[in-house]
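A.B. asks: Supplied structure: input_31.csv, CSV, N, CA and C atoms.
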```csv
chain,number,residue,atom,x,y,z
A,1,MET,N,0.9,-1.2,0.0
A,1,MET,CA,0.0,0.0,0.0
A,1,MET,C,0.9,1.2,0.0
A,2,ASP,N,0.7,2.1,-1.0
A,2,ASP,CA,1.6,3.3,-1.1
A,2,ASP,C,0.9,4.4,-0.3
A,3,GLU,N,1.6,5.6,-0.4
A,3,GLU,CA,1.2,6.7,0.4
A,3,GLU,C,-0.2,7.3,-0.1
A,4,LEU,N,-0.4,7.3,-1.4
A,4,LEU,CA,-1.6,7.8,-2.0
A,4,LEU,C,-2.8,6.9,-1.5
A,5,GLN,N,-2.7,5.6,-1.4
A,5,GLN,CA,-3.8,4.8,-1.0
A,5,GLN,C,-4.1,5.0,0.5
A,6,VAL,N,-3.0,5.2,1.3
A,6,VAL,CA,-3.2,5.5,2.7
A,6,VAL,C,-3.9,6.8,2.9
A,7,ILE,N,-3.5,7.8,2.2
A,7,ILE,CA,-4.2,9.1,2.3
A,7,ILE,C,-5.6,9.0,1.8
A,8,ASP,N,-5.9,8.3,0.7
A,8,ASP,CA,-7.2,8.1,0.2
A,8,ASP,C,-8.1,7.4,1.3
A,9,LEU,N,-7.5,6.4,1.9
A,9,LEU,CA,-8.2,5.6,3.0
A,9,LEU,C,-8.5,6.5,4.2
A,10,GLY,N,-7.6,7.3,4.6
A,10,GLY,CA,-7.8,8.3,5.7
A,10,GLY,C,-8.8,9.3,5.4
A,11,ARG,N,-8.8,9.8,4.1
A,11,ARG,CA,-9.8,10.8,3.7
A,11,ARG,C,-11.2,10.2,3.7
A,12,ASP,N,-11.3,9.0,3.2
A,12,ASP,CA,-12.6,8.3,3.2
A,12,ASP,C,-13.1,8.0,4.6
A,13,ALA,N,-12.2,7.7,5.5
A,13,ALA,CA,-12.5,7.4,6.9
A,13,ALA,C,-13.0,8.7,7.6
A,14,VAL,N,-12.4,9.8,7.4
A,14,VAL,CA,-12.8,11.1,8.0
A,14,VAL,C,-14.1,11.5,7.4
A,15,TRP,N,-14.3,11.4,6.1
A,15,TRP,CA,-15.5,11.8,5.5
A,15,TRP,C,-16.7,10.9,6.0
A,16,THR,N,-16.5,9.6,6.1
A,16,THR,CA,-17.5,8.7,6.7
A,16,THR,C,-17.8,9.1,8.1
A,17,MET,N,-16.8,9.4,8.9
A,17,MET,CA,-17.1,9.8,10.3
A,17,MET,C,-17.9,11.1,10.4
A,18,LEU,N,-17.6,12.0,9.5
A,18,LEU,CA,-18.4,13.3,9.5
A,18,LEU,C,-19.8,13.0,9.0
A,19,LYS,N,-20.0,12.1,8.0
A,19,LYS,CA,-21.4,11.8,7.6
A,19,LYS,C,-22.2,11.1,8.6
A,20,VAL,N,-21.5,10.2,9.4
A,20,VAL,CA,-22.2,9.4,10.4
A,20,VAL,C,-22.6,10.2,11.6
A,21,SER,N,-21.6,11.1,12.1
A,21,SER,CA,-21.9,11.8,13.3
A,21,SER,C,-22.6,13.1,13.0
A,22,GLY,N,-22.6,13.6,11.8
A,22,GLY,CA,-23.2,14.9,11.5
A,22,GLY,C,-24.6,15.1,11.9
A,23,PRO,N,-25.5,14.2,11.5
A,23,PRO,CA,-26.9,14.4,11.9
A,23,PRO,C,-27.2,14.4,13.4
A,24,ILE,N,-26.5,13.6,14.2
A,24,ILE,CA,-26.7,13.6,15.6
A,24,ILE,C,-26.2,14.9,16.2
A,25,LEU,N,-25.0,15.4,15.7
A,25,LEU,CA,-24.5,16.6,16.3
A,25,LEU,C,-25.3,17.8,15.9
A,26,LEU,N,-25.9,17.8,14.7
A,26,LEU,CA,-26.8,18.9,14.3
A,26,LEU,C,-28.1,18.9,15.1
A,27,VAL,N,-28.6,17.7,15.4
A,27,VAL,CA,-29.8,17.7,16.2
A,27,VAL,C,-29.5,18.3,17.6
A,28,GLY,N,-28.4,17.9,18.2
A,28,GLY,CA,-28.0,18.4,19.5
A,28,GLY,C,-27.8,19.9,19.5
A,29,LEU,N,-27.2,20.4,18.4
A,29,LEU,CA,-26.9,21.8,18.2
A,29,LEU,C,-28.2,22.6,18.1
A,30,ALA,N,-29.2,22.0,17.3
A,30,ALA,CA,-30.5,22.7,17.1
A,30,ALA,C,-31.3,22.8,18.4
A,31,VAL,N,-31.3,21.7,19.1
A,31,VAL,CA,-32.0,21.6,20.4
A,31,VAL,C,-31.4,22.6,21.4
A,32,GLY,N,-30.1,22.5,21.5
A,32,GLY,CA,-29.4,23.4,22.5
A,32,GLY,C,-29.6,24.9,22.1
A,33,LEU,N,-29.6,25.2,20.8
A,33,LEU,CA,-29.8,26.6,20.4
A,33,LEU,C,-31.2,27.1,20.7
A,34,SER,N,-32.2,26.2,20.4
A,34,SER,CA,-33.5,26.6,20.6
A,34,SER,C,-33.8,26.7,22.1
A,35,ILE,N,-33.3,25.9,23.0
A,35,ILE,CA,-33.5,26.0,24.4
A,35,ILE,C,-32.8,27.3,24.9
A,36,SER,N,-31.6,27.6,24.4
A,36,SER,CA,-30.9,28.8,24.8
A,36,SER,C,-31.7,30.1,24.4
A,37,VAL,N,-32.3,30.1,23.2
A,37,VAL,CA,-33.1,31.2,22.8
A,37,VAL,C,-34.4,31.3,23.8
A,38,PHE,N,-35.0,30.1,24.1
A,38,PHE,CA,-36.1,30.1,25.0
A,38,PHE,C,-35.7,30.7,26.4
A,39,GLN,N,-34.5,30.3,26.9
A,39,GLN,CA,-34.0,30.8,28.2
A,39,GLN,C,-33.8,32.3,28.1
A,40,THR,N,-33.2,32.7,27.0
A,40,THR,CA,-33.0,34.2,26.9
A,40,THR,C,-34.2,35.0,26.9
A,41,LEU,N,-35.2,34.5,26.2
A,41,LEU,CA,-36.5,35.2,26.0
A,41,LEU,C,-37.3,35.2,27.4
A,42,THR,N,-37.2,34.2,28.1
A,42,THR,CA,-38.0,34.1,29.4
A,42,THR,C,-37.2,34.4,30.6
A,43,HIS,N,-35.9,34.7,30.5
A,43,HIS,CA,-35.0,35.1,31.6
A,43,HIS,C,-34.9,33.9,32.6
A,44,ILE,N,-35.1,32.7,32.1
A,44,ILE,CA,-34.8,31.6,33.0
A,44,ILE,C,-33.4,31.2,32.9
A,45,GLN,N,-32.7,31.2,34.0
A,45,GLN,CA,-31.2,30.9,34.1
A,45,GLN,C,-30.9,29.6,34.7
A,46,GLU,N,-31.7,28.6,34.4
A,46,GLU,CA,-31.5,27.3,35.0
A,46,GLU,C,-30.5,26.5,34.1
A,47,MET,N,-29.4,26.1,34.6
A,47,MET,CA,-28.3,25.5,33.9
A,47,MET,C,-28.7,24.0,33.5
A,48,THR,N,-29.5,23.4,34.3
A,48,THR,CA,-29.9,22.0,34.0
A,48,THR,C,-31.0,21.8,33.0
A,49,LEU,N,-31.6,22.9,32.6
A,49,LEU,CA,-32.8,22.9,31.7
A,49,LEU,C,-32.4,22.3,30.3
A,50,THR,N,-31.2,22.5,29.9
A,50,THR,CA,-30.9,22.0,28.5
A,50,THR,C,-30.5,20.5,28.5
A,51,PHE,N,-30.2,19.9,29.6
A,51,PHE,CA,-29.7,18.5,29.5
A,51,PHE,C,-30.8,17.5,29.1
A,52,ILE,N,-31.9,17.5,29.7
A,52,ILE,CA,-33.0,16.5,29.5
A,52,ILE,C,-33.5,16.6,28.0
A,53,PRO,N,-33.8,17.8,27.5
A,53,PRO,CA,-34.3,17.8,26.1
A,53,PRO,C,-33.2,17.4,25.1
A,54,LYS,N,-32.0,17.8,25.4
A,54,LYS,CA,-30.9,17.4,24.5
A,54,LYS,C,-30.7,15.9,24.5
A,55,ILE,N,-30.7,15.3,25.7
A,55,ILE,CA,-30.5,13.8,25.8
A,55,ILE,C,-31.6,13.1,25.1
A,56,VAL,N,-32.9,13.5,25.3
A,56,VAL,CA,-34.0,12.9,24.6
A,56,VAL,C,-33.9,13.1,23.1
A,57,ALA,N,-33.5,14.3,22.6
A,57,ALA,CA,-33.4,14.5,21.2
A,57,ALA,C,-32.3,13.7,20.6
A,58,VAL,N,-31.2,13.6,21.2
A,58,VAL,CA,-30.0,12.9,20.7
A,58,VAL,C,-30.4,11.4,20.6
A,59,PHE,N,-31.0,10.8,21.7
A,59,PHE,CA,-31.3,9.4,21.7
A,59,PHE,C,-32.4,9.1,20.6
A,60,THR,N,-33.4,10.0,20.5
A,60,THR,CA,-34.4,9.8,19.4
A,60,THR,C,-33.8,9.9,18.1
A,61,SER,N,-32.9,10.8,17.8
A,61,SER,CA,-32.2,10.9,16.5
A,61,SER,C,-31.3,9.7,16.3
A,62,LEU,N,-30.7,9.2,17.3
A,62,LEU,CA,-29.9,8.0,17.2
A,62,LEU,C,-30.8,6.8,16.7
A,63,ILE,N,-32.0,6.7,17.3
A,63,ILE,CA,-32.9,5.6,16.9
A,63,ILE,C,-33.4,5.8,15.5
A,64,LEU,N,-33.6,7.1,15.1
A,64,LEU,CA,-34.1,7.3,13.7
A,64,LEU,C,-33.0,7.2,12.7
A,65,PHE,N,-31.8,7.6,13.0
A,65,PHE,CA,-30.7,7.6,12.0
A,65,PHE,C,-29.9,6.3,12.0
A,66,MET,N,-30.1,5.4,13.0
A,66,MET,CA,-29.3,4.2,13.1
A,66,MET,C,-29.2,3.4,11.9
A,67,PRO,N,-30.3,3.1,11.2
A,67,PRO,CA,-30.2,2.3,10.0
A,67,PRO,C,-29.3,2.9,8.9
A,68,TRP,N,-29.5,4.2,8.7
A,68,TRP,CA,-28.7,4.9,7.8
A,68,TRP,C,-27.2,4.9,8.2
A,69,MET,N,-27.0,5.1,9.5
A,69,MET,CA,-25.6,5.2,10.0
A,69,MET,C,-24.9,3.8,9.8
A,70,LEU,N,-25.6,2.7,10.1
A,70,LEU,CA,-25.1,1.4,9.9
A,70,LEU,C,-24.8,1.1,8.4
A,71,THR,N,-25.7,1.6,7.5
A,71,THR,CA,-25.5,1.4,6.1
A,71,THR,C,-24.2,2.1,5.7
A,72,GLN,N,-24.0,3.3,6.1
A,72,GLN,CA,-22.8,4.1,5.8
A,72,GLN,C,-21.5,3.4,6.3
A,73,LEU,N,-21.6,2.9,7.5
A,73,LEU,CA,-20.4,2.2,8.1
A,73,LEU,C,-20.2,0.9,7.4
A,74,ASN,N,-21.2,0.2,7.0
A,74,ASN,CA,-21.1,-1.0,6.3
A,74,ASN,C,-20.5,-0.8,4.9
A,75,GLU,N,-20.9,0.2,4.2
A,75,GLU,CA,-20.3,0.6,2.9
A,75,GLU,C,-18.9,1.0,3.0
A,76,PHE,N,-18.5,1.7,4.1
A,76,PHE,CA,-17.1,2.1,4.3
A,76,PHE,C,-16.3,0.8,4.5
A,77,MET,N,-16.8,-0.1,5.4
A,77,MET,CA,-16.0,-1.3,5.6
A,77,MET,C,-15.9,-2.2,4.4
A,78,MET,N,-16.9,-2.2,3.5
A,78,MET,CA,-16.8,-2.9,2.3
A,78,MET,C,-15.7,-2.3,1.4
A,79,ARG,N,-15.7,-1.0,1.3
A,79,ARG,CA,-14.6,-0.3,0.5
A,79,ARG,C,-13.2,-0.6,1.1
A,80,VAL,N,-13.1,-0.7,2.4
A,80,VAL,CA,-11.8,-1.0,3.0
A,80,VAL,C,-11.4,-2.4,2.7
A,81,MET,N,-12.4,-3.3,2.8
A,81,MET,CA,-12.1,-4.7,2.5
A,81,MET,C,-11.7,-5.0,1.1
A,82,ASP,N,-12.4,-4.2,0.2
A,82,ASP,CA,-12.0,-4.3,-1.2
A,82,ASP,C,-10.6,-3.8,-1.5
A,83,LYS,N,-10.2,-2.8,-0.8
A,83,LYS,CA,-8.8,-2.3,-0.9
A,83,LYS,C,-7.8,-3.3,-0.4
A,84,ILE,N,-8.2,-3.9,0.7
A,84,ILE,CA,-7.3,-4.9,1.3
A,84,ILE,C,-7.1,-6.1,0.4
A,85,ILE,N,-8.2,-6.6,-0.2
A,85,ILE,CA,-8.2,-7.7,-1.1
A,85,ILE,C,-7.4,-7.4,-2.3
A,86,SER,N,-7.5,-6.2,-2.8
A,86,SER,CA,-6.8,-5.8,-4.1
A,86,SER,C,-5.3,-5.5,-3.9
A,87,LEU,N,-4.8,-5.6,-2.7
A,87,LEU,CA,-3.4,-5.4,-2.5
A,87,LEU,C,-2.6,-6.5,-3.1
A,88,PRO,N,-1.4,-6.2,-3.7
A,88,PRO,CA,-0.6,-7.2,-4.4
A,88,PRO,C,0.0,-8.2,-3.4
```
Would it be possible to restate this file's structure as structure tokens?

C.D. replies:
Amino acid sequence: MDELQVIDLGRDAVWTMLKVSGPILLVGLAVGLSISVFQTLTHIQEMTLTFIPKIVAVFTSLILFMPWMLTQLNEFMMRVMDKIISLP
């Protein structure tokens, strides 16, 4: 395996990681931002108010996105295995 193949494999791994973790992180960001806006508008300064909705939203999005995430990881693993098999 030469340097270009290693770089290509690393790039593919990083891209797959971003695709898989992106939806969950965006859901957490959106929920956190909306709760922060709510806290600002109502002048509620409770620090623990954001944790429960964020946890529920992240776990719900994990359940919803899990089939797609597993498909992405499976496709990545198949690409890696194809590259390993094609080594001289």

A.B. asks: So the first atom is atom C of Val20 in chain A and the second is atom N of Lys54 in chain A; what is the distance between them in Å, to one decimal place?

C.D. replies: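 Atom N of Lys54 in chain A lies 18.3 Å from atom C of Val20 in chain A.
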
A.B. asks: For atom N of Met47 in chain A and atom C of Leu62 in chain A, determine how far apart the two atoms are, in Å to one decimal place.

C.D. replies: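 One can read the atom N of Met47 in chain A to atom C of Leu62 in chain A distance as 26.4 Å.
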
A.B. asks: Calculate how many Å separate atom N of Leu73 in chain A from CA of Ser61 in chain A, rounding to one decimal.

C.D. replies: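 These two atoms are separated by 16.0 Å.
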
A.B. asks: Extract, using all atoms listed in the file, all DNA, RNA and protein residues at most 7 Å from range 21-37 of chain A, discarding same-chain residues fewer than 2 positions from it, and format them as a PDB file with N, CA and C atoms, in the frame of the given file.

C.D. replies:
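Contents of selection_1.pdb, as written:
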```
ATOM      1  N   THR A  16     -16.500   9.600   6.100  1.00  0.00           N
ATOM      2  CA  THR A  16     -17.500   8.700   6.700  1.00  0.00           C
ATOM      3  C   THR A  16     -17.800   9.100   8.100  1.00  0.00           C
ATOM      4  N   MET A  17     -16.800   9.400   8.900  1.00  0.00           N
ATOM      5  CA  MET A  17     -17.100   9.800  10.300  1.00  0.00           C
ATOM      6  C   MET A  17     -17.900  11.100  10.400  1.00  0.00           C
ATOM      7  N   LEU A  18     -17.600  12.000   9.500  1.00  0.00           N
ATOM      8  CA  LEU A  18     -18.400  13.300   9.500  1.00  0.00           C
ATOM      9  C   LEU A  18     -19.800  13.000   9.000  1.00  0.00           C
ATOM     10  N   LYS A  19     -20.000  12.100   8.000  1.00  0.00           N
ATOM     11  CA  LYS A  19     -21.400  11.800   7.600  1.00  0.00           C
ATOM     12  C   LYS A  19     -22.200  11.100   8.600  1.00  0.00           C
ATOM     13  N   GLN A  39     -34.500  30.300  26.900  1.00  0.00           N
ATOM     14  CA  GLN A  39     -34.000  30.800  28.200  1.00  0.00           C
ATOM     15  C   GLN A  39     -33.800  32.300  28.100  1.00  0.00           C
ATOM     16  N   THR A  40     -33.200  32.700  27.000  1.00  0.00           N
ATOM     17  CA  THR A  40     -33.000  34.200  26.900  1.00  0.00           C
ATOM     18  C   THR A  40     -34.200  35.000  26.900  1.00  0.00           C
ATOM     19  N   LEU A  41     -35.200  34.500  26.200  1.00  0.00           N
ATOM     20  CA  LEU A  41     -36.500  35.200  26.000  1.00  0.00           C
ATOM     21  C   LEU A  41     -37.300  35.200  27.400  1.00  0.00           C
ATOM     22  N   THR A  42     -37.200  34.200  28.100  1.00  0.00           N
ATOM     23  CA  THR A  42     -38.000  34.100  29.400  1.00  0.00           C
ATOM     24  C   THR A  42     -37.200  34.400  30.600  1.00  0.00           C
ATOM     25  N   THR A  50     -31.200  22.500  29.900  1.00  0.00           N
ATOM     26  CA  THR A  50     -30.900  22.000  28.500  1.00  0.00           C
ATOM     27  C   THR A  50     -30.500  20.500  28.500  1.00  0.00           C
ATOM     28  N   PRO A  53     -33.800  17.800  27.500  1.00  0.00           N
ATOM     29  CA  PRO A  53     -34.300  17.800  26.100  1.00  0.00           C
ATOM     30  C   PRO A  53     -33.200  17.400  25.100  1.00  0.00           C
ATOM     31  N   LYS A  54     -32.000  17.800  25.400  1.00  0.00           N
ATOM     32  CA  LYS A  54     -30.900  17.400  24.500  1.00  0.00           C
ATOM     33  C   LYS A  54     -30.700  15.900  24.500  1.00  0.00           C
ATOM     34  N   ALA A  57     -33.500  14.300  22.600  1.00  0.00           N
ATOM     35  CA  ALA A  57     -33.400  14.500  21.200  1.00  0.00           C
ATOM     36  C   ALA A  57     -32.300  13.700  20.600  1.00  0.00           C
ATOM     37  N   VAL A  58     -31.200  13.600  21.200  1.00  0.00           N
ATOM     38  CA  VAL A  58     -30.000  12.900  20.700  1.00  0.00           C
ATOM     39  C   VAL A  58     -30.400  11.400  20.600  1.00  0.00           C
ATOM     40  N   SER A  61     -32.900  10.800  17.800  1.00  0.00           N
ATOM     41  CA  SER A  61     -32.200  10.900  16.500  1.00  0.00           C
ATOM     42  C   SER A  61     -31.300   9.700  16.300  1.00  0.00           C
ATOM     43  N   LEU A  62     -30.700   9.200  17.300  1.00  0.00           N
ATOM     44  CA  LEU A  62     -29.900   8.000  17.200  1.00  0.00           C
ATOM     45  C   LEU A  62     -30.800   6.800  16.700  1.00  0.00           C
TER      46      LEU A  62
END
```

A.B. asks: Of the residues A:Met77, A:Lys83, A:Pro88, A:Thr48, which is the one nearest to Ala13 in chain A, using only C-alpha atoms?

C.D. replies: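 Between A:Met77, A:Lys83, A:Pro88, A:Thr48, the residue approaching Ala13 in chain A most closely is A:Met77.
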